[in-house]
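Undergrad: One file is attached below, work_8.cif, containing mmCIF, C-alpha atoms and all ligand atoms.
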```cif
data_start
loop_
_atom_site.group_PDB
_atom_site.id
_atom_site.type_symbol
_atom_site.label_atom_id
_atom_site.label_comp_id
_atom_site.auth_asym_id
_atom_site.auth_seq_id
_atom_site.Cartn_x
_atom_site.Cartn_y
_atom_site.Cartn_z
ATOM 1 C CA MET A 307 -130.080 24.856 -157.279
ATOM 2 C CA GLN A 308 -131.004 28.335 -158.521
ATOM 3 C CA PRO A 309 -127.917 30.592 -158.724
ATOM 4 C CA LEU A 310 -127.821 33.448 -156.220
ATOM 5 C CA VAL A 311 -126.534 35.795 -158.954
ATOM 6 C CA LYS A 312 -126.890 35.191 -162.665
ATOM 7 C CA THR A 313 -125.911 37.509 -165.486
ATOM 8 C CA THR A 314 -126.663 36.920 -169.134
ATOM 9 C CA GLY A 315 -124.995 38.704 -172.037
ATOM 10 C CA LEU A 316 -123.972 41.836 -170.116
ATOM 11 C CA ASN A 317 -122.421 44.544 -172.268
ATOM 12 C CA LEU A 318 -121.242 48.051 -171.479
ATOM 13 C CA ALA A 319 -118.761 50.340 -173.250
ATOM 14 C CA PHE A 320 -117.325 53.716 -172.274
ATOM 15 C CA GLY A 321 -116.604 55.271 -175.687
ATOM 16 C CA ALA A 322 -114.168 52.895 -177.357
ATOM 17 C CA VAL A 323 -113.429 51.007 -174.117
ATOM 18 C CA ILE A 324 -115.395 47.776 -173.775
ATOM 19 C CA ALA A 325 -115.707 47.447 -169.990
ATOM 20 C CA ALA A 326 -118.175 44.514 -170.007
ATOM 21 C CA ASN A 327 -118.015 42.148 -172.955
ATOM 22 C CA ASN A 328 -120.972 39.769 -173.120
ATOM 23 C CA ILE A 329 -120.614 38.460 -169.561
ATOM 24 C CA ASP A 330 -122.464 35.259 -168.640
ATOM 25 C CA PHE A 331 -121.856 34.494 -164.983
ATOM 26 C CA GLU A 332 -123.357 32.526 -162.094
ATOM 27 C CA LEU A 333 -122.612 32.646 -158.392
ATOM 28 C CA HIS A 334 -124.037 30.037 -156.022
ATOM 29 C CA THR A 335 -124.913 30.277 -152.347
ATOM 30 C CA GLY A 336 -121.947 29.366 -150.144
ATOM 31 C CA GLU A 337 -119.233 30.293 -152.663
ATOM 32 C CA ARG A 338 -116.337 32.593 -151.830
ATOM 33 C CA LEU A 339 -115.406 34.052 -155.182
ATOM 34 C CA ALA A 340 -112.193 36.001 -155.741
ATOM 35 C CA VAL A 341 -112.119 38.204 -158.826
ATOM 36 C CA ILE A 342 -108.685 38.976 -160.244
ATOM 37 C CA GLY A 343 -107.530 41.102 -163.166
ATOM 38 C CA GLN A 344 -105.201 43.919 -164.099
ATOM 39 C CA ASN A 345 -106.205 47.542 -163.479
ATOM 40 C CA GLY A 346 -108.904 48.515 -165.970
ATOM 41 C CA ALA A 347 -109.938 44.899 -166.716
ATOM 42 C CA GLY A 348 -113.571 45.639 -165.801
ATOM 43 C CA LYS A 349 -113.888 44.136 -162.294
ATOM 44 C CA THR A 350 -115.494 47.201 -160.716
ATOM 45 C CA THR A 351 -117.695 47.869 -163.745
ATOM 46 C CA PHE A 352 -119.150 44.377 -163.372
ATOM 47 C CA ILE A 353 -119.803 45.003 -159.661
ATOM 48 C CA ASN A 354 -121.361 48.378 -160.483
ATOM 49 C CA ILE A 355 -123.731 46.767 -162.985
ATOM 50 C CA CYS A 356 -124.738 43.980 -160.565
ATOM 51 C CA THR A 357 -125.297 46.414 -157.671
ATOM 52 C CA GLY A 358 -127.310 48.910 -159.728
ATOM 53 C CA TYR A 359 -124.727 51.726 -159.906
ATOM 54 C CA LEU A 360 -124.458 51.298 -163.698
ATOM 55 C CA LYS A 361 -127.028 50.192 -166.259
ATOM 56 C CA PRO A 362 -125.795 47.687 -168.836
ATOM 57 C CA ALA A 363 -126.266 48.549 -172.512
ATOM 58 C CA SER A 364 -127.677 45.040 -172.893
ATOM 59 C CA GLY A 365 -128.067 41.866 -170.867
ATOM 60 C CA THR A 366 -129.743 40.923 -167.596
ATOM 61 C CA VAL A 367 -128.874 40.457 -163.927
ATOM 62 C CA THR A 368 -130.904 38.315 -161.546
ATOM 63 C CA PHE A 369 -130.375 38.069 -157.794
ATOM 64 C CA ASP A 370 -132.053 35.438 -155.644
ATOM 65 C CA GLY A 371 -134.615 34.905 -158.389
ATOM 66 C CA HIS A 372 -135.423 38.623 -158.926
ATOM 67 C CA ASP A 373 -134.660 40.466 -162.147
ATOM 68 C CA ILE A 374 -132.611 43.414 -160.823
ATOM 69 C CA THR A 375 -131.335 44.766 -164.145
ATOM 70 C CA GLY A 376 -131.151 48.555 -163.830
ATOM 71 C CA MET A 377 -132.850 48.536 -160.389
ATOM 72 C CA ALA A 378 -131.853 51.303 -157.936
ATOM 73 C CA PRO A 379 -128.952 50.326 -155.620
ATOM 74 C CA ARG A 380 -130.994 50.789 -152.414
ATOM 75 C CA LYS A 381 -133.655 48.380 -153.675
ATOM 76 C CA ILE A 382 -131.007 45.804 -154.533
ATOM 77 C CA VAL A 383 -129.542 46.193 -151.019
ATOM 78 C CA ARG A 384 -132.990 45.516 -149.555
ATOM 79 C CA LEU A 385 -133.158 42.249 -151.499
ATOM 80 C CA GLY A 386 -129.997 41.162 -149.663
ATOM 81 C CA MET A 387 -127.035 42.153 -151.844
ATOM 82 C CA GLY A 388 -124.499 43.999 -149.673
ATOM 83 C CA ARG A 389 -121.436 45.854 -150.854
ATOM 84 C CA SER A 390 -118.283 47.259 -149.324
ATOM 85 C CA PHE A 391 -116.113 49.742 -151.180
ATOM 86 C CA GLN A 392 -112.444 50.151 -152.096
ATOM 87 C CA LEU A 393 -112.597 53.405 -150.110
ATOM 88 C CA PRO A 394 -114.823 52.654 -147.106
ATOM 89 C CA GLN A 395 -118.073 54.661 -147.196
ATOM 90 C CA LEU A 396 -118.432 55.589 -143.507
ATOM 91 C CA PHE A 397 -120.374 58.277 -141.666
ATOM 92 C CA THR A 398 -117.154 60.040 -140.797
ATOM 93 C CA GLU A 399 -118.380 62.284 -137.961
ATOM 94 C CA HIS A 400 -120.104 59.440 -136.132
ATOM 95 C CA THR A 401 -118.818 56.798 -133.774
ATOM 96 C CA VAL A 402 -118.285 53.221 -134.871
ATOM 97 C CA ARG A 403 -121.442 52.112 -133.025
ATOM 98 C CA GLU A 404 -123.512 54.932 -134.564
ATOM 99 C CA CYS A 405 -122.314 54.002 -138.064
ATOM 100 C CA ILE A 406 -123.676 50.481 -137.578
ATOM 101 C CA GLN A 407 -126.885 51.825 -136.026
ATOM 102 C CA ILE A 408 -127.451 54.210 -138.939
ATOM 103 C CA ALA A 409 -126.787 51.450 -141.480
ATOM 104 C CA ALA A 410 -129.299 49.159 -139.734
ATOM 105 C CA ALA A 411 -131.913 51.920 -139.439
ATOM 106 C CA ARG A 412 -131.552 52.904 -143.087
ATOM 107 C CA GLN A 413 -132.147 49.328 -144.187
ATOM 108 C CA ASN A 414 -135.444 49.288 -142.305
ATOM 109 C CA ALA A 415 -136.267 52.821 -143.509
ATOM 110 C CA ARG A 416 -136.578 53.780 -139.844
ATOM 111 C CA LEU A 417 -134.433 56.905 -139.762
ATOM 112 C CA SER A 418 -136.518 59.685 -138.235
ATOM 113 C CA ALA A 419 -135.763 63.141 -136.872
ATOM 114 C CA PHE A 420 -138.297 62.502 -134.101
ATOM 115 C CA LYS A 421 -136.928 59.310 -132.552
ATOM 116 C CA PRO A 422 -133.528 58.615 -130.986
ATOM 117 C CA LEU A 423 -131.490 56.412 -133.316
ATOM 118 C CA ALA A 424 -130.924 53.703 -130.690
ATOM 119 C CA ALA A 425 -134.702 53.368 -130.176
ATOM 120 C CA THR A 426 -135.321 52.453 -133.819
ATOM 121 C CA ILE A 427 -133.121 49.368 -134.062
ATOM 122 C CA ASN A 428 -132.281 46.178 -132.220
ATOM 123 C CA SER A 429 -129.296 47.044 -130.012
ATOM 124 C CA ASN A 430 -128.408 43.354 -129.516
ATOM 125 C CA ASP A 431 -127.896 43.074 -133.283
ATOM 126 C CA VAL A 432 -125.618 46.117 -133.272
ATOM 127 C CA GLU A 433 -123.559 44.836 -130.337
ATOM 128 C CA SER A 434 -123.217 41.362 -131.837
ATOM 129 C CA THR A 435 -122.073 42.865 -135.149
ATOM 130 C CA LEU A 436 -119.462 44.967 -133.314
ATOM 131 C CA GLU A 437 -118.258 41.830 -131.521
ATOM 132 C CA LEU A 438 -118.253 39.770 -134.715
ATOM 133 C CA VAL A 439 -115.781 42.046 -136.503
ATOM 134 C CA GLY A 440 -113.681 42.721 -133.393
ATOM 135 C CA LEU A 441 -114.639 46.402 -133.067
ATOM 136 C CA ARG A 442 -116.281 46.336 -129.634
ATOM 137 C CA ASP A 443 -113.359 48.159 -127.989
ATOM 138 C CA ASP A 444 -113.574 50.824 -130.712
ATOM 139 C CA ALA A 445 -117.351 51.302 -130.476
ATOM 140 C CA ASN A 446 -117.097 54.879 -129.158
ATOM 141 C CA ALA A 447 -114.260 55.983 -131.466
ATOM 142 C CA ILE A 448 -115.069 58.444 -134.247
ATOM 143 C CA SER A 449 -114.960 56.422 -137.459
ATOM 144 C CA SER A 450 -112.642 58.830 -139.290
ATOM 145 C CA ASP A 451 -110.035 58.363 -136.528
ATOM 146 C CA LEU A 452 -109.719 54.617 -137.163
ATOM 147 C CA PRO A 453 -106.695 53.135 -138.975
ATOM 148 C CA GLU A 454 -107.438 51.835 -142.491
ATOM 149 C CA GLY A 455 -107.782 48.160 -141.484
ATOM 150 C CA LYS A 456 -110.458 48.988 -138.919
ATOM 151 C CA ARG A 457 -112.204 51.326 -141.367
ATOM 152 C CA LYS A 458 -112.437 48.360 -143.749
ATOM 153 C CA LEU A 459 -113.864 46.204 -140.938
ATOM 154 C CA LEU A 460 -116.409 48.884 -140.096
ATOM 155 C CA ASP A 461 -117.459 49.084 -143.746
ATOM 156 C CA VAL A 462 -118.034 45.312 -143.683
ATOM 157 C CA ALA A 463 -119.867 45.574 -140.325
ATOM 158 C CA MET A 464 -122.195 48.231 -141.776
ATOM 159 C CA ALA A 465 -122.958 45.932 -144.698
ATOM 160 C CA LEU A 466 -123.582 43.022 -142.289
ATOM 161 C CA ALA A 467 -125.996 45.161 -140.259
ATOM 162 C CA LEU A 468 -128.271 44.938 -143.305
ATOM 163 C CA LYS A 469 -128.362 41.125 -142.965
ATOM 164 C CA PRO A 470 -127.271 40.435 -146.547
ATOM 165 C CA LYS A 471 -127.328 37.078 -148.331
ATOM 166 C CA LEU A 472 -124.328 38.158 -150.409
ATOM 167 C CA LEU A 473 -121.499 40.592 -149.684
ATOM 168 C CA ILE A 474 -119.485 41.963 -152.597
ATOM 169 C CA MET A 475 -116.196 43.527 -151.505
ATOM 170 C CA ASP A 476 -114.109 45.673 -153.834
ATOM 171 C CA GLU A 477 -110.473 45.233 -152.746
ATOM 172 C CA PRO A 478 -111.074 44.590 -149.020
ATOM 173 C CA THR A 479 -107.332 44.608 -148.263
ATOM 174 C CA SER A 480 -106.230 47.610 -150.368
ATOM 175 C CA GLY A 481 -104.500 50.325 -148.369
ATOM 176 C CA VAL A 482 -103.832 47.897 -145.503
ATOM 177 C CA ALA A 483 -100.228 47.047 -144.514
ATOM 178 C CA SER A 484 -99.246 43.659 -145.956
ATOM 179 C CA GLU A 485 -98.558 42.218 -142.480
ATOM 180 C CA ASP A 486 -102.148 43.065 -141.436
ATOM 181 C CA LYS A 487 -103.956 41.735 -144.527
ATOM 182 C CA HIS A 488 -104.295 38.123 -143.365
ATOM 183 C CA ASP A 489 -105.708 39.069 -139.939
ATOM 184 C CA LEU A 490 -108.203 41.380 -141.647
ATOM 185 C CA MET A 491 -109.332 38.717 -144.120
ATOM 186 C CA GLN A 492 -109.509 36.076 -141.400
ATOM 187 C CA THR A 493 -111.824 38.307 -139.349
ATOM 188 C CA VAL A 494 -113.981 39.178 -142.357
ATOM 189 C CA MET A 495 -114.264 35.595 -143.565
ATOM 190 C CA ASN A 496 -115.076 34.261 -140.073
ATOM 191 C CA ALA A 497 -117.798 36.906 -139.762
ATOM 192 C CA LEU A 498 -119.270 35.976 -143.146
ATOM 193 C CA GLU A 499 -119.150 32.288 -142.300
ATOM 194 C CA GLN A 500 -120.935 32.814 -138.983
ATOM 195 C CA ARG A 501 -123.663 34.870 -140.647
ATOM 196 C CA LYS A 502 -123.843 32.416 -143.592
ATOM 197 C CA VAL A 503 -123.173 35.167 -146.124
ATOM 198 C CA THR A 504 -121.943 34.238 -149.609
ATOM 199 C CA SER A 505 -119.023 36.418 -150.718
ATOM 200 C CA TRP A 506 -117.340 37.789 -153.800
ATOM 201 C CA PHE A 507 -114.253 39.936 -153.469
ATOM 202 C CA VAL A 508 -111.855 41.705 -155.820
ATOM 203 C CA GLU A 509 -108.277 41.102 -154.758
ATOM 204 C CA HIS A 510 -104.803 41.738 -156.171
ATOM 205 C CA ASP A 511 -102.840 39.776 -153.535
ATOM 206 C CA VAL A 512 -102.410 36.213 -154.837
ATOM 207 C CA ASP A 513 -101.686 34.772 -151.362
ATOM 208 C CA ILE A 514 -104.975 36.162 -150.067
ATOM 209 C CA VAL A 515 -106.827 34.769 -153.104
ATOM 210 C CA ALA A 516 -105.252 31.316 -152.672
ATOM 211 C CA GLN A 517 -106.027 31.210 -148.958
ATOM 212 C CA TYR A 518 -109.567 32.577 -148.765
ATOM 213 C CA ALA A 519 -111.344 31.872 -152.075
ATOM 214 C CA THR A 520 -113.134 28.674 -153.048
ATOM 215 C CA ARG A 521 -113.379 29.872 -156.644
ATOM 216 C CA VAL A 522 -111.466 32.395 -158.786
ATOM 217 C CA ALA A 523 -112.649 34.290 -161.870
ATOM 218 C CA ALA A 524 -110.042 36.153 -163.937
ATOM 219 C CA TRP A 525 -110.961 39.217 -165.996
ATOM 220 C CA ILE A 526 -109.220 40.532 -169.116
ATOM 221 C CA ASN A 527 -110.646 43.360 -171.272
ATOM 222 C CA GLY A 528 -114.142 43.234 -169.811
ATOM 223 C CA ALA A 529 -114.511 39.448 -170.052
ATOM 224 C CA ILE A 530 -114.054 36.400 -167.820
ATOM 225 C CA VAL A 531 -111.209 34.397 -169.352
ATOM 226 C CA ALA A 532 -110.764 31.762 -166.622
ATOM 227 C CA ASP A 533 -113.100 30.539 -163.897
ATOM 228 C CA GLY A 534 -112.416 27.617 -161.561
ATOM 229 C CA THR A 535 -110.722 26.561 -158.339
ATOM 230 C CA PRO A 536 -107.848 28.741 -157.072
ATOM 231 C CA ASP A 537 -105.370 25.963 -157.972
ATOM 232 C CA GLU A 538 -106.648 25.761 -161.554
ATOM 233 C CA VAL A 539 -106.895 29.471 -162.285
ATOM 234 C CA LEU A 540 -103.686 30.585 -160.546
ATOM 235 C CA ALA A 541 -101.733 27.879 -162.444
ATOM 236 C CA ASN A 542 -103.295 28.733 -165.831
ATOM 237 C CA PRO A 543 -100.414 29.889 -168.118
ATOM 238 C CA GLN A 544 -102.447 32.716 -169.723
ATOM 239 C CA ILE A 545 -103.500 34.011 -166.301
ATOM 240 C CA LYS A 546 -99.932 33.810 -164.987
ATOM 241 C CA ARG A 547 -98.680 35.759 -167.977
ATOM 242 C CA GLU A 548 -101.440 38.310 -168.545
ATOM 243 C CA VAL A 549 -103.014 38.812 -165.108
ATOM 244 C CA LEU A 550 -100.398 37.913 -162.507
ATOM 245 C CA GLY A 551 -97.442 39.214 -164.527
ATOM 246 C CA ASN A 552 -95.272 36.112 -163.879
HETATM 247 N N1 LIG B 1 -117.310 56.101 -165.641
HETATM 248 C C1 LIG B 1 -116.410 55.757 -166.553
HETATM 249 N N2 LIG B 1 -116.165 56.541 -167.635
HETATM 250 C C2 LIG B 1 -115.281 56.207 -168.579
HETATM 251 N N3 LIG B 1 -114.533 55.083 -168.526
HETATM 252 C C3 LIG B 1 -114.696 54.267 -167.479
HETATM 253 C C4 LIG B 1 -115.629 54.569 -166.434
HETATM 254 N N4 LIG B 1 -115.590 53.560 -165.519
HETATM 255 C C5 LIG B 1 -114.655 52.694 -165.966
HETATM 256 N N5 LIG B 1 -114.124 53.111 -167.133
HETATM 257 C C6 LIG B 1 -113.115 52.394 -167.917
HETATM 258 O O1 LIG B 1 -113.585 51.062 -168.078
HETATM 259 C C7 LIG B 1 -112.509 50.130 -167.968
HETATM 260 C C8 LIG B 1 -112.812 49.178 -166.825
HETATM 261 O O2 LIG B 1 -112.706 49.899 -165.595
HETATM 262 P P1 LIG B 1 -112.938 49.223 -164.188
HETATM 263 O O3 LIG B 1 -112.850 50.287 -163.164
HETATM 264 O O4 LIG B 1 -114.158 48.402 -164.233
HETATM 265 O O5 LIG B 1 -111.667 48.265 -164.084
HETATM 266 P P2 LIG B 1 -111.098 47.461 -162.818
HETATM 267 O O6 LIG B 1 -110.744 46.099 -163.300
HETATM 268 O O7 LIG B 1 -112.056 47.549 -161.699
HETATM 269 O O8 LIG B 1 -109.774 48.279 -162.481
HETATM 270 P P3 LIG B 1 -109.044 48.583 -161.057
HETATM 271 O O9 LIG B 1 -108.380 47.314 -160.650
HETATM 272 O O10 LIG B 1 -108.073 49.674 -161.417
HETATM 273 O O11 LIG B 1 -110.112 49.041 -160.096
HETATM 274 C C9 LIG B 1 -111.252 50.969 -167.732
HETATM 275 O O12 LIG B 1 -110.625 51.179 -168.986
HETATM 276 C C10 LIG B 1 -111.788 52.281 -167.196
HETATM 277 O O13 LIG B 1 -110.924 53.360 -167.501
#
```
I'd like the structure from this file rewritten - as structure tokens, please.
Ligand SMILES: Nc1ncnc2c1ncn2[C@@H]1O[C@H](COP(=O)(O)OP(=O)(O)OP(=O)(O)O)[C@@H](O)[C@H]1O
TA:
Amino acid sequence: MQPLVKTTGLNLAFGAVIAANNIDFELHTGERLAVIGQNGAGKTTFINICTGYLKPASGTVTFDGHDITGMAPRKIVRLGMGRSFQLPQLFTEHTVRECIQIAAARQNARLSAFKPLAATINSNDVESTLELVGLRDDANAISSDLPEGKRKLLDVAMALALKPKLLIMDEPTSGVASEDKHDLMQTVMNALEQRKVTSWFVEHDVDIVAQYATRVAAWINGAIVADGTPDEVLANPQIKREVLGN
């Protein structure tokens, strides 16, 4: 089976810091990949290269059979690669429902000053996305008034409105109280499962990684040093010592 994402020989340095060190990587449809690594290991740089926010100095990225190396982020999104951010990127003056409507309309390039927003998109899709992430009761709330956990859910909902094949999430549980992290991840993972979206998420909480990932890749100094099942990688002595700090 053709990998959904494939990178070959990716390199990128910031001055003397090697943020991506010859990364060969494959992700297959249906996987739930957790990426772990200390701060500064290169996890976000790798996401930024794959999503078009950074150009690699060398190497290639393919997504769903397309060469997307150096392609603009909005074009990569249109091919079906969604992304949610460590700090949710919401339309802060709009309601939760409008944020999802705007995301859906942007994907179809249907935003227009001459047509009401709701007339440009399929309202059933918007309502089912609200329901899917448990935000129906918050649909009329202004997005900036939401607590952090719901802001994260809205960020995911906006990505899902674009009907992605893959969703990459940079620290989906950061800034969320530890007692709320599992509920948040459960909701997100159920939503992704229902929409048959492959996922890859950066996560520092080992319990979350062990519970929700089918595969774990560990980063050190811009390179993948371990890649396998959660049991294998989380028990690897080097990873315990250098990544998990045990
Ligand atoms: N735009 C940039 N300019 C200069 N250095 C950068 C830039 N972006 C990242 N770096 C450096 O590259 C290295 C990798 O950073 P990156 O953000 O990818 O790490 P990370 O694993 O995502 O860390 P964190 O867990 O803190 O988000 C770090 O040393 C960082 O300081």
Undergrad: Nearest to His372 (chain A): which of A:Leu310, A:Met464, A:Ala516, A:Ala411 is it, counting all atoms listed in the file?
TA: A:Leu310
Undergrad: Which neighbours of Ala409 (chain A) fall inside 7 Å, counting all atoms listed in the file, when residues of the same chain fewer than 2 positions from it are skipped, and could you give them as a PyMOL selection string?
TA: chain A and resi 405-407+411-413+464+467-468
Undergrad: When you look at region 527-533 of chain A with a cut-off of 7 Å (counting all atoms listed in the file), what residues show up, excluding the ones that are within fewer than 4 positions of it in the same chain? I need them as a list in words.
TA: Ile324, Ala325, Ala326, Asn327, Ile329, Ala347, Gly348, Val522, Ala523 and Val539 of chain A
Undergrad: To check your reading of the model: which residues sit at most 6 Å from ligand LIG 1 (chain B) when counting all atoms listed in the file? Write the answer as a list in words.
TA: Phe320, Val323, Ala325, Gly343, Gln344, Asn345, Gly346, Ala347, Gly348, Lys349, Thr350 and Thr351 of chain A
Undergrad: Please provide as a VMD selection string all residues within 10 Å of Gly388 (chain A), with the sequence filter that same-chain residues fewer than 3 positions apart are discarded (counting all atoms listed in the file).
TA: chain A and resid 357 379 to 380 382 to 385 462 464 to 475 503 505
Undergrad: Within 10 Å of Glu499 (chain A), counting only C-alpha atoms, which residues show up once you throw out same-chain ones fewer than 6 positions away? Write them as a CSV table (one decimal) with C-alpha atoms, in the coordinates of the input, please.
TA:
```csv
chain,number,residue,atom,x,y,z
A,336,GLY,CA,-121.9,29.4,-150.1
A,338,ARG,CA,-116.3,32.6,-151.8
A,493,THR,CA,-111.8,38.3,-139.3
A,505,SER,CA,-119.0,36.4,-150.7
```
Undergrad: Counting all atoms listed in the file, figure out which residue out of A:Met495, A:Ile545, A:Val508, A:Ala483 gets nearest to Phe352 (chain A).
TA: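 Looking at the shortest contact to Phe352 (chain A), the residue is A:Val508.
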Undergrad: Between CA of Lys487 (chain A) and CA of Val439 (chain A), what is the distance in Å, rounded to a tenth?
TA: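 Computing the Euclidean distance for CA of Lys487 (chain A) and CA of Val439 (chain A) yields 14.3 Å.
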Undergrad: May I have the residues within 9 Å of Thr313 (chain A) as a short mmCIF file (atom, residue, chain, number, x, y, z; two decimals) with C-alpha atoms, in the coordinates of the input, using all atoms listed in the file and disregarding those fewer than 3 positions away in the same chain?
TA:
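Produced file part_23.cif, reproduced below:
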```cif
data_model
loop_
_atom_site.label_atom_id
_atom_site.label_comp_id
_atom_site.auth_asym_id
_atom_site.auth_seq_id
_atom_site.Cartn_x
_atom_site.Cartn_y
_atom_site.Cartn_z
CA LEU A 316 -123.97 41.84 -170.12
CA ILE A 329 -120.61 38.46 -169.56
CA ASP A 330 -122.46 35.26 -168.64
CA PHE A 331 -121.86 34.49 -164.98
CA GLU A 332 -123.36 32.53 -162.09
CA CYS A 356 -124.74 43.98 -160.56
CA GLY A 365 -128.07 41.87 -170.87
CA THR A 366 -129.74 40.92 -167.60
CA VAL A 367 -128.87 40.46 -163.93
CA THR A 368 -130.90 38.32 -161.55
CA PHE A 369 -130.38 38.07 -157.79
#
```
Undergrad: Report, in Å with one decimal, the straight-line distance from CA of Glu404 (chain A) to CA of Ala445 (chain A).
TA: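 CA of Ala445 (chain A) lies 8.2 Å from CA of Glu404 (chain A).
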Undergrad: Expand the PyMOL selection byres (((chain A and resi 489) around 12) and not hetatm) into the individual residues it matches in the shown file, reporting them as a list in words.
TA: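 Residues picked by the PyMOL selection byres (((chain A and resi 489) around 12) and not hetatm): Val439, Gly440, Gly455, Lys456, Leu459, Pro478, Thr479, Val482, Ala483, Ser484, Glu485, Asp486, Lys487, His488, Leu490, Met491, Gln492, Thr493, Val494, Met495, Asn496, Ile514, Gln517 and Tyr518 of chain A.
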Undergrad: Of the candidates A:Ile408, A:Asp444, A:Val549, A:Lys381, which one gets nearest to Val432 (chain A) if we count all atoms listed in the file?
TA: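 Checking each of A:Ile408, A:Asp444, A:Val549, A:Lys381 against Val432 (chain A), counting all atoms listed in the file, the winner is A:Ile408.
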Undergrad: Please indicate the distance in Å from CA of Met377 (chain A) to CA of Arg389 (chain A), rounded to one decimal place.
TA: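 Answer for the CA of Met377 (chain A) to CA of Arg389 (chain A) separation: 15.1 Å.
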Undergrad: If you apply the PyMOL selection byres (((chain A and resi 450) around 9) and not hetatm) to this file, what residues do you get, as a PDB file with C-alpha atoms, in the frame of the given file?
TA:
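The resulting file, expr14.pdb, is reproduced below:
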```
ATOM      1  CA  LEU A 396    -118.432  55.589-143.507  1.00  0.00           C
ATOM      2  CA  PHE A 397    -120.374  58.277-141.666  1.00  0.00           C
ATOM      3  CA  THR A 398    -117.154  60.040-140.797  1.00  0.00           C
ATOM      4  CA  GLU A 399    -118.380  62.284-137.961  1.00  0.00           C
ATOM      5  CA  HIS A 400    -120.104  59.440-136.132  1.00  0.00           C
ATOM      6  CA  THR A 401    -118.818  56.798-133.774  1.00  0.00           C
ATOM      7  CA  ALA A 447    -114.260  55.983-131.466  1.00  0.00           C
ATOM      8  CA  ILE A 448    -115.069  58.444-134.247  1.00  0.00           C
ATOM      9  CA  SER A 449    -114.960  56.422-137.459  1.00  0.00           C
ATOM     10  CA  ASP A 451    -110.035  58.363-136.528  1.00  0.00           C
ATOM     11  CA  LEU A 452    -109.719  54.617-137.163  1.00  0.00           C
ATOM     12  CA  PRO A 453    -106.695  53.135-138.975  1.00  0.00           C
ATOM     13  CA  ARG A 457    -112.204  51.326-141.367  1.00  0.00           C
TER      14      ARG A 457
END
```
Undergrad: Give the answer as one residue: which of A:Ser390, A:Asn552, A:Asn542, A:Thr535 has the shortest atom-to-atom distance to Phe507 (chain A), using only C-alpha atoms?
TA: A:Ser390
